[in-house]
>>> print(open('run17.cif').read())   # mmCIF, C-alpha atoms; chains and numbers go by the auth columns
data_model
#
loop_
_atom_site.group_PDB
_atom_site.id
_atom_site.type_symbol
_atom_site.label_atom_id
_atom_site.label_comp_id
_atom_site.label_asym_id
_atom_site.label_seq_id
_atom_site.Cartn_x
_atom_site.Cartn_y
_atom_site.Cartn_z
_atom_site.B_iso_or_equiv
_atom_site.auth_seq_id
_atom_site.auth_asym_id
ATOM 1 C CA MET A 1 6.457 21.614 -17.015 0.00 1 S
ATOM 2 C CA GLN A 2 4.965 18.995 -14.718 0.00 2 S
ATOM 3 C CA GLN A 3 7.643 16.962 -12.957 0.00 3 S
ATOM 4 C CA ARG A 4 7.994 13.243 -13.534 0.00 4 S
ATOM 5 C CA LEU A 5 6.772 12.139 -10.112 0.00 5 S
ATOM 6 C CA ALA A 6 4.796 8.905 -9.763 0.00 6 S
ATOM 7 C CA LEU A 7 3.402 8.041 -6.341 0.00 7 S
ATOM 8 C CA PHE A 8 2.111 4.486 -6.015 0.00 8 S
ATOM 9 C CA ASP A 9 -0.100 2.842 -3.440 0.00 9 S
ATOM 10 C CA LEU A 10 1.404 -0.422 -2.166 0.00 10 S
ATOM 11 C CA ASP A 11 -1.279 -2.920 -1.071 0.00 11 S
ATOM 12 C CA GLY A 12 -3.650 -3.920 -3.841 0.00 12 S
ATOM 13 C CA THR A 13 -1.671 -1.904 -6.377 0.00 13 S
ATOM 14 C CA LEU A 14 1.947 -3.071 -6.461 0.00 14 S
ATOM 15 C CA VAL A 15 1.488 -6.180 -4.307 0.00 15 S
ATOM 16 C CA ASP A 16 -1.346 -8.614 -3.582 0.00 16 S
ATOM 17 C CA ARG A 17 -1.895 -7.986 0.105 0.00 17 S
ATOM 18 C CA GLN A 18 -4.987 -10.148 0.485 0.00 18 S
ATOM 19 C CA ALA A 19 -3.292 -13.346 -0.654 0.00 19 S
ATOM 20 C CA ALA A 20 -0.314 -12.646 1.594 0.00 20 S
ATOM 21 C CA VAL A 21 -2.538 -11.951 4.615 0.00 21 S
ATOM 22 C CA ARG A 22 -4.407 -15.185 4.034 0.00 22 S
ATOM 23 C CA ASP A 23 -1.202 -17.221 3.935 0.00 23 S
ATOM 24 C CA ALA A 24 0.482 -15.394 6.825 0.00 24 S
ATOM 25 C CA LEU A 25 -2.503 -15.747 9.156 0.00 25 S
ATOM 26 C CA THR A 26 -2.916 -19.412 8.303 0.00 26 S
ATOM 27 C CA ALA A 27 0.704 -20.009 9.310 0.00 27 S
ATOM 28 C CA LEU A 28 0.474 -17.854 12.444 0.00 28 S
ATOM 29 C CA CYS A 29 -2.704 -19.467 13.709 0.00 29 S
ATOM 30 C CA ARG A 30 -1.400 -22.973 13.074 0.00 30 S
ATOM 31 C CA ALA A 31 1.848 -22.186 14.881 0.00 31 S
ATOM 32 C CA HIS A 32 -0.054 -21.127 17.999 0.00 32 S
ATOM 33 C CA ASP A 33 -2.934 -23.603 17.639 0.00 33 S
ATOM 34 C CA PHE A 34 -5.501 -20.809 17.736 0.00 34 S
ATOM 35 C CA ALA A 35 -9.162 -21.798 17.796 0.00 35 S
ATOM 36 C CA THR A 36 -11.232 -21.171 14.668 0.00 36 S
ATOM 37 C CA VAL A 37 -13.105 -18.299 16.331 0.00 37 S
ATOM 38 C CA THR A 38 -9.805 -16.642 17.275 0.00 38 S
ATOM 39 C CA GLU A 39 -8.482 -16.982 13.743 0.00 39 S
ATOM 40 C CA GLN A 40 -11.680 -15.584 12.213 0.00 40 S
ATOM 41 C CA TRP A 41 -11.623 -12.604 14.593 0.00 41 S
ATOM 42 C CA LEU A 42 -8.068 -11.843 13.541 0.00 42 S
ATOM 43 C CA ARG A 43 -8.873 -12.158 9.836 0.00 43 S
ATOM 44 C CA ASN A 44 -11.761 -9.732 10.242 0.00 44 S
ATOM 45 C CA GLN A 45 -9.536 -7.230 12.066 0.00 45 S
ATOM 46 C CA LEU A 46 -6.790 -7.338 9.442 0.00 46 S
ATOM 47 C CA VAL A 47 -8.974 -7.245 6.334 0.00 47 S
ATOM 48 C CA ASP A 48 -7.881 -3.706 5.383 0.00 48 S
ATOM 49 C CA ARG A 49 -4.731 -3.057 7.410 0.00 49 S
ATOM 50 C CA ALA A 50 -2.641 -4.347 10.318 0.00 50 S
ATOM 51 C CA ASN A 51 -0.816 -2.724 13.196 0.00 51 S
ATOM 52 C CA PRO A 52 0.486 -3.821 16.625 0.00 52 S
ATOM 53 C CA ASP A 53 -2.742 -2.732 18.349 0.00 53 S
ATOM 54 C CA ASN A 54 -4.630 -5.509 16.539 0.00 54 S
ATOM 55 C CA PHE A 55 -2.587 -8.066 18.446 0.00 55 S
ATOM 56 C CA VAL A 56 -2.931 -6.217 21.738 0.00 56 S
ATOM 57 C CA ARG A 57 -6.712 -6.486 21.333 0.00 57 S
ATOM 58 C CA LEU A 58 -6.461 -10.117 20.202 0.00 58 S
ATOM 59 C CA ARG A 59 -4.554 -11.038 23.340 0.00 59 S
ATOM 60 C CA ARG A 60 -7.033 -9.199 25.562 0.00 60 S
ATOM 61 C CA VAL A 61 -10.205 -10.517 23.897 0.00 61 S
ATOM 62 C CA PHE A 62 -9.130 -14.161 23.956 0.00 62 S
ATOM 63 C CA GLY A 63 -6.925 -14.138 27.043 0.00 63 S
ATOM 64 C CA LEU A 64 -3.847 -15.348 25.191 0.00 64 S
ATOM 65 C CA ALA A 65 -0.599 -15.996 27.033 0.00 65 S
ATOM 66 C CA VAL A 66 1.758 -15.157 24.172 0.00 66 S
ATOM 67 C CA PRO A 67 2.869 -11.483 24.226 0.00 67 S
ATOM 68 C CA ALA A 68 1.239 -9.180 21.686 0.00 68 S
ATOM 69 C CA GLY A 69 4.619 -7.855 20.572 0.00 69 S
ATOM 70 C CA GLN A 70 5.785 -11.361 19.725 0.00 70 S
ATOM 71 C CA LEU A 71 2.651 -12.045 17.686 0.00 71 S
ATOM 72 C CA TRP A 72 3.138 -8.808 15.759 0.00 72 S
ATOM 73 C CA ARG A 73 6.771 -9.603 14.980 0.00 73 S
ATOM 74 C CA GLU A 74 5.833 -13.110 13.834 0.00 74 S
ATOM 75 C CA TYR A 75 3.073 -11.700 11.651 0.00 75 S
ATOM 76 C CA VAL A 76 5.447 -9.170 10.055 0.00 76 S
ATOM 77 C CA ASP A 77 7.974 -11.926 9.295 0.00 77 S
ATOM 78 C CA LEU A 78 5.273 -14.161 7.824 0.00 78 S
ATOM 79 C CA MET A 79 3.921 -11.321 5.681 0.00 79 S
ATOM 80 C CA VAL A 80 7.359 -10.559 4.339 0.00 80 S
ATOM 81 C CA ALA A 81 7.754 -14.231 3.418 0.00 81 S
ATOM 82 C CA ALA A 82 4.297 -14.381 1.803 0.00 82 S
ATOM 83 C CA VAL A 83 3.992 -11.117 -0.106 0.00 83 S
ATOM 84 C CA THR A 84 5.294 -10.886 -3.658 0.00 84 S
ATOM 85 C CA CYS A 85 5.531 -8.350 -6.448 0.00 85 S
ATOM 86 C CA ARG A 86 5.132 -9.748 -9.954 0.00 86 S
ATOM 87 C CA PRO A 87 8.337 -9.694 -12.037 0.00 87 S
ATOM 88 C CA GLU A 88 6.684 -7.661 -14.786 0.00 88 S
ATOM 89 C CA VAL A 89 5.781 -4.945 -12.269 0.00 89 S
ATOM 90 C CA LEU A 90 9.379 -4.751 -11.026 0.00 90 S
ATOM 91 C CA GLU A 91 10.607 -4.619 -14.620 0.00 91 S
ATOM 92 C CA ASP A 92 8.196 -1.825 -15.551 0.00 92 S
ATOM 93 C CA LEU A 93 9.169 0.224 -12.496 0.00 93 S
ATOM 94 C CA ALA A 94 12.807 -0.153 -13.519 0.00 94 S
ATOM 95 C CA ARG A 95 11.858 1.142 -16.979 0.00 95 S
ATOM 96 C CA LEU A 96 10.109 4.096 -15.352 0.00 96 S
ATOM 97 C CA ARG A 97 13.226 4.967 -13.365 0.00 97 S
ATOM 98 C CA ALA A 98 15.341 4.627 -16.498 0.00 98 S
ATOM 99 C CA ALA A 99 13.026 7.189 -18.124 0.00 99 S
ATOM 100 C CA ALA A 100 13.979 9.708 -15.405 0.00 100 S
ATOM 101 C CA TRP A 101 10.831 9.343 -13.319 0.00 101 S
ATOM 102 C CA THR A 102 10.921 9.827 -9.554 0.00 102 S
ATOM 103 C CA ILE A 103 9.021 6.995 -7.858 0.00 103 S
ATOM 104 C CA GLY A 104 7.439 7.137 -4.404 0.00 104 S
ATOM 105 C CA ILE A 105 5.262 4.882 -2.276 0.00 105 S
ATOM 106 C CA ILE A 106 2.397 6.312 -0.238 0.00 106 S
ATOM 107 C CA THR A 107 0.648 3.710 1.865 0.00 107 S
ATOM 108 C CA ASN A 108 -1.760 3.403 4.748 0.00 108 S
ATOM 109 C CA GLY A 109 -0.165 1.044 7.243 0.00 109 S
ATOM 110 C CA ALA A 110 2.398 0.652 10.013 0.00 110 S
ATOM 111 C CA GLY A 111 5.797 1.804 8.858 0.00 111 S
ATOM 112 C CA ASP A 112 7.718 -1.281 9.959 0.00 112 S
ATOM 113 C CA ILE A 113 5.586 -3.825 8.128 0.00 113 S
ATOM 114 C CA GLN A 114 5.217 -1.717 4.981 0.00 114 S
ATOM 115 C CA ARG A 115 8.964 -1.126 4.684 0.00 115 S
ATOM 116 C CA ALA A 116 9.633 -4.802 5.389 0.00 116 S
ATOM 117 C CA LYS A 117 7.319 -5.713 2.510 0.00 117 S
ATOM 118 C CA LEU A 118 9.098 -3.277 0.220 0.00 118 S
ATOM 119 C CA ALA A 119 12.462 -4.796 1.096 0.00 119 S
ATOM 120 C CA GLY A 120 11.233 -8.376 0.800 0.00 120 S
ATOM 121 C CA THR A 121 9.677 -7.893 -2.634 0.00 121 S
ATOM 122 C CA GLY A 122 12.581 -5.990 -4.157 0.00 122 S
ATOM 123 C CA LEU A 123 10.545 -2.801 -4.470 0.00 123 S
ATOM 124 C CA ALA A 124 12.707 -0.858 -2.016 0.00 124 S
ATOM 125 C CA SER A 125 15.560 -0.567 -4.512 0.00 125 S
ATOM 126 C CA LEU A 126 13.232 0.898 -7.143 0.00 126 S
ATOM 127 C CA VAL A 127 11.695 3.763 -5.164 0.00 127 S
ATOM 128 C CA ASP A 128 13.052 7.149 -4.115 0.00 128 S
ATOM 129 C CA GLY A 129 10.907 7.704 -1.038 0.00 129 S
ATOM 130 C CA VAL A 130 8.258 6.092 1.161 0.00 130 S
ATOM 131 C CA ALA A 131 5.517 7.623 3.291 0.00 131 S
ATOM 132 C CA ALA A 132 3.492 5.254 5.493 0.00 132 S
ATOM 133 C CA SER A 133 0.508 6.445 7.496 0.00 133 S
ATOM 134 C CA GLY A 134 2.097 5.106 10.672 0.00 134 S
ATOM 135 C CA ASP A 135 4.944 7.618 10.252 0.00 135 S
ATOM 136 C CA LEU A 136 2.716 10.569 11.133 0.00 136 S
ATOM 137 C CA GLU A 137 -0.423 8.824 12.390 0.00 137 S
ATOM 138 C CA ILE A 138 -2.333 10.276 9.453 0.00 138 S
ATOM 139 C CA ARG A 139 -3.917 8.393 6.577 0.00 139 S
ATOM 140 C CA LYS A 140 -4.714 8.925 2.926 0.00 140 S
ATOM 141 C CA PRO A 141 -6.474 11.018 1.683 0.00 141 S
ATOM 142 C CA ASP A 142 -4.800 13.487 4.102 0.00 142 S
ATOM 143 C CA ARG A 143 -2.728 15.844 1.949 0.00 143 S
ATOM 144 C CA ARG A 144 0.071 15.852 4.527 0.00 144 S
ATOM 145 C CA LEU A 145 0.901 12.233 3.737 0.00 145 S
ATOM 146 C CA PHE A 146 1.217 13.100 0.044 0.00 146 S
ATOM 147 C CA GLU A 147 3.449 16.042 0.940 0.00 147 S
ATOM 148 C CA LEU A 148 5.624 13.750 3.059 0.00 148 S
ATOM 149 C CA ALA A 149 5.950 11.285 0.180 0.00 149 S
ATOM 150 C CA ALA A 150 7.059 14.026 -2.206 0.00 150 S
ATOM 151 C CA THR A 151 9.533 15.434 0.307 0.00 151 S
ATOM 152 C CA ARG A 152 11.056 12.019 0.902 0.00 152 S
ATOM 153 C CA CYS A 153 11.448 11.686 -2.860 0.00 153 S
ATOM 154 C CA GLY A 154 13.366 14.955 -2.891 0.00 154 S
ATOM 155 C CA VAL A 155 10.736 16.893 -4.823 0.00 155 S
ATOM 156 C CA SER A 156 7.860 19.287 -4.145 0.00 156 S
ATOM 157 C CA LEU A 157 4.202 18.373 -4.392 0.00 157 S
ATOM 158 C CA ALA A 158 3.618 21.865 -5.790 0.00 158 S
ATOM 159 C CA ASP A 159 5.287 20.796 -9.039 0.00 159 S
ATOM 160 C CA GLY A 160 2.651 18.139 -9.729 0.00 160 S
ATOM 161 C CA GLY A 161 2.870 14.499 -10.653 0.00 161 S
ATOM 162 C CA TRP A 162 0.758 11.354 -10.617 0.00 162 S
ATOM 163 C CA MET A 163 -0.934 9.145 -8.019 0.00 163 S
ATOM 164 C CA ILE A 164 -1.691 5.517 -8.881 0.00 164 S
ATOM 165 C CA GLY A 165 -3.809 3.279 -6.667 0.00 165 S
ATOM 166 C CA ASP A 166 -6.836 1.047 -6.197 0.00 166 S
ATOM 167 C CA ASN A 167 -8.621 2.930 -3.419 0.00 167 S
ATOM 168 C CA PRO A 168 -11.056 5.510 -4.842 0.00 168 S
ATOM 169 C CA ALA A 169 -11.227 7.831 -1.830 0.00 169 S
ATOM 170 C CA GLY A 170 -7.737 7.384 -0.422 0.00 170 S
ATOM 171 C CA ASP A 171 -5.687 7.196 -3.597 0.00 171 S
ATOM 172 C CA ILE A 172 -7.719 8.997 -6.238 0.00 172 S
ATOM 173 C CA GLY A 173 -9.577 11.446 -4.018 0.00 173 S
ATOM 174 C CA GLY A 174 -6.408 12.129 -2.062 0.00 174 S
ATOM 175 C CA GLY A 175 -4.420 12.528 -5.260 0.00 175 S
ATOM 176 C CA HIS A 176 -6.894 15.061 -6.603 0.00 176 S
ATOM 177 C CA GLN A 177 -6.739 17.052 -3.356 0.00 177 S
ATOM 178 C CA ALA A 178 -2.952 17.008 -3.567 0.00 178 S
ATOM 179 C CA GLY A 179 -3.057 18.461 -7.077 0.00 179 S
ATOM 180 C CA LEU A 180 -1.931 15.273 -8.809 0.00 180 S
ATOM 181 C CA CYS A 181 -3.123 13.515 -11.934 0.00 181 S
ATOM 182 C CA THR A 182 -4.564 10.110 -11.066 0.00 182 S
ATOM 183 C CA ILE A 183 -4.784 6.564 -12.374 0.00 183 S
ATOM 184 C CA TRP A 184 -7.260 4.182 -10.759 0.00 184 S
ATOM 185 C CA LEU A 185 -6.951 0.401 -10.730 0.00 185 S
ATOM 186 C CA ARG A 186 -10.602 -0.536 -10.996 0.00 186 S
ATOM 187 C CA GLY A 187 -12.160 -3.051 -8.639 0.00 187 S
ATOM 188 C CA ARG A 188 -13.574 -1.339 -5.570 0.00 188 S
ATOM 189 C CA PRO A 189 -16.968 0.421 -5.672 0.00 189 S
ATOM 190 C CA TRP A 190 -16.699 4.042 -6.774 0.00 190 S
ATOM 191 C CA PRO A 191 -18.245 6.469 -4.217 0.00 191 S
ATOM 192 C CA ASP A 192 -20.907 8.916 -5.307 0.00 192 S
ATOM 193 C CA GLY A 193 -19.641 12.451 -5.779 0.00 193 S
ATOM 194 C CA LEU A 194 -15.962 11.543 -6.149 0.00 194 S
ATOM 195 C CA PRO A 195 -14.349 13.161 -9.207 0.00 195 S
ATOM 196 C CA ALA A 196 -13.293 10.696 -11.882 0.00 196 S
ATOM 197 C CA ALA A 197 -9.697 9.577 -12.218 0.00 197 S
ATOM 198 C CA HIS A 198 -7.751 10.813 -15.220 0.00 198 S
ATOM 199 C CA HIS A 199 -7.259 7.213 -16.342 0.00 199 S
ATOM 200 C CA VAL A 200 -8.792 3.860 -15.346 0.00 200 S
ATOM 201 C CA VAL A 201 -6.866 0.598 -15.828 0.00 201 S
ATOM 202 C CA ASP A 202 -7.113 -3.056 -14.860 0.00 202 S
ATOM 203 C CA ASP A 203 -3.469 -3.578 -13.911 0.00 203 S
ATOM 204 C CA VAL A 204 -0.661 -1.430 -12.556 0.00 204 S
ATOM 205 C CA THR A 205 1.480 -2.336 -15.575 0.00 205 S
ATOM 206 C CA ASP A 206 -1.107 -0.556 -17.738 0.00 206 S
ATOM 207 C CA ALA A 207 -0.736 2.511 -15.523 0.00 207 S
ATOM 208 C CA ILE A 208 3.048 2.466 -15.935 0.00 208 S
ATOM 209 C CA THR A 209 2.617 2.237 -19.707 0.00 209 S
ATOM 210 C CA ILE A 210 0.488 5.393 -19.605 0.00 210 S
ATOM 211 C CA LEU A 211 3.228 7.193 -17.672 0.00 211 S
ATOM 212 C CA LEU A 212 5.936 6.008 -20.060 0.00 212 S
ATOM 213 C CA ASN A 213 3.895 7.345 -22.974 0.00 213 S
ATOM 214 C CA GLU A 214 3.525 10.798 -21.429 0.00 214 S
ATOM 215 C CA THR A 215 4.931 13.568 -23.572 0.00 215 S
ATOM 216 C CA TRP A 216 6.967 16.327 -21.936 0.00 216 S
ATOM 217 C CA GLU A 217 7.132 19.857 -23.253 0.00 217 S
#
>>> encode(input="run17.cif", output="structure tokens")
Amino acid sequence: MQQRLALFDLDGTLVDRQAAVRDALTALCRAHDFATVTEQWLRNQLVDRANPDNFVRLRRVFGLAVPAGQLWREYVDLMVAAVTCRPEVLEDLARLRAAAWTIGIITNGAGDIQRAKLAGTGLASLVDGVAASGDLEIRKPDRRLFELAATRCGVSLADGGWMIGDNPAGDIGGGHQAGLCTIWLRGRPWPDGLPAAHHVVDDVTDAITILLNETWE
């Protein structure tokens, strides 16, 4: 019998990262009175992900006086304040746990900011394990990150499960390679040659409904 393991992507799946980044960078750039060109450079750098090196480069490119480490810490704090998880998503995850599912997060990003977002949104109390790419300096679709997520959830990837996410290659392609069933949140272009997801939905709550309706032999 396949185990009840559900691994979720974080950004773009459980939380709206883009809106939070927009708000956090607006606040950061206003606080330091950054020029428009500096702000636009930073927005371009952080479009997909953020890590401390982005701010090291920012400081070097524009000759900023403020330490890169300070900028990173301010950005993390602003992201935590800006990012939200919709109440219905939190409620559905609680229902999934009540149905004896093991829930994990597998995310590309620096460990400190991703875990801070989980804590700030209330997601941390609803998941059994977290694997962030910054933990091992590897990224989805690398199978090792999926293995780490399963291990941190106290289960084995060999016993199967599900991967839910919005990134075709990282989440769905990686999930397939890890031997998982997959649910894709449509939106991004689908690459040629990538095997189809087992299910396609418009919202993560629809994905959770599919899991809750799974029958177990």
>>> closest_residue(input="run17.cif", among="S:Gly179, S:Pro141, S:Gly193, S:Gly170", to="Ala158 (chain S)", atoms="all atoms listed in the file")
S:Gly179
>>> closest_residue(input="run17.cif", among="S:Ala178, S:Leu71, S:Leu126, S:Cys29", to="Arg144 (chain S)", atoms="all atoms listed in the file")
S:Ala178
>>> closest_residue(input="run17.cif", among="S:Asp171, S:Asp48, S:Asp128, S:Asp202", to="Gly187 (chain S)", atoms="only C-alpha atoms")
S:Asp202
>>> residues_around(input="run17.cif", residues="Ile164 (chain S)", least_positions_apart="3", cutoff="7 Å", atoms="only C-alpha atoms", output="PDB file with C-alpha atoms, in the coordinates of the input")
ATOM      1  CA  LEU S   7       3.402   8.041  -6.341  1.00  0.00           C
ATOM      2  CA  PHE S   8       2.111   4.486  -6.015  1.00  0.00           C
ATOM      3  CA  ASP S   9      -0.100   2.842  -3.440  1.00  0.00           C
ATOM      4  CA  ASP S 171      -5.687   7.196  -3.597  1.00  0.00           C
ATOM      5  CA  THR S 182      -4.564  10.110 -11.066  1.00  0.00           C
ATOM      6  CA  ILE S 183      -4.784   6.564 -12.374  1.00  0.00           C
ATOM      7  CA  TRP S 184      -7.260   4.182 -10.759  1.00  0.00           C
TER       8      TRP S 184
END
>>> closest_residue(input="run17.cif", among="S:Ile208, S:Ala116, S:Leu25, S:Leu5", to="Val80 (chain S)", atoms="all atoms listed in the file")
S:Ala116
>>> residues_around(input="run17.cif", residues="Thr209 (chain S)", least_positions_apart="4", cutoff="12 Å", atoms="all atoms listed in the file", output="number ranges by chain")
S: 88-89, 91-93, 95-96, 99, 183, 199, 201, 203-205, 213-214
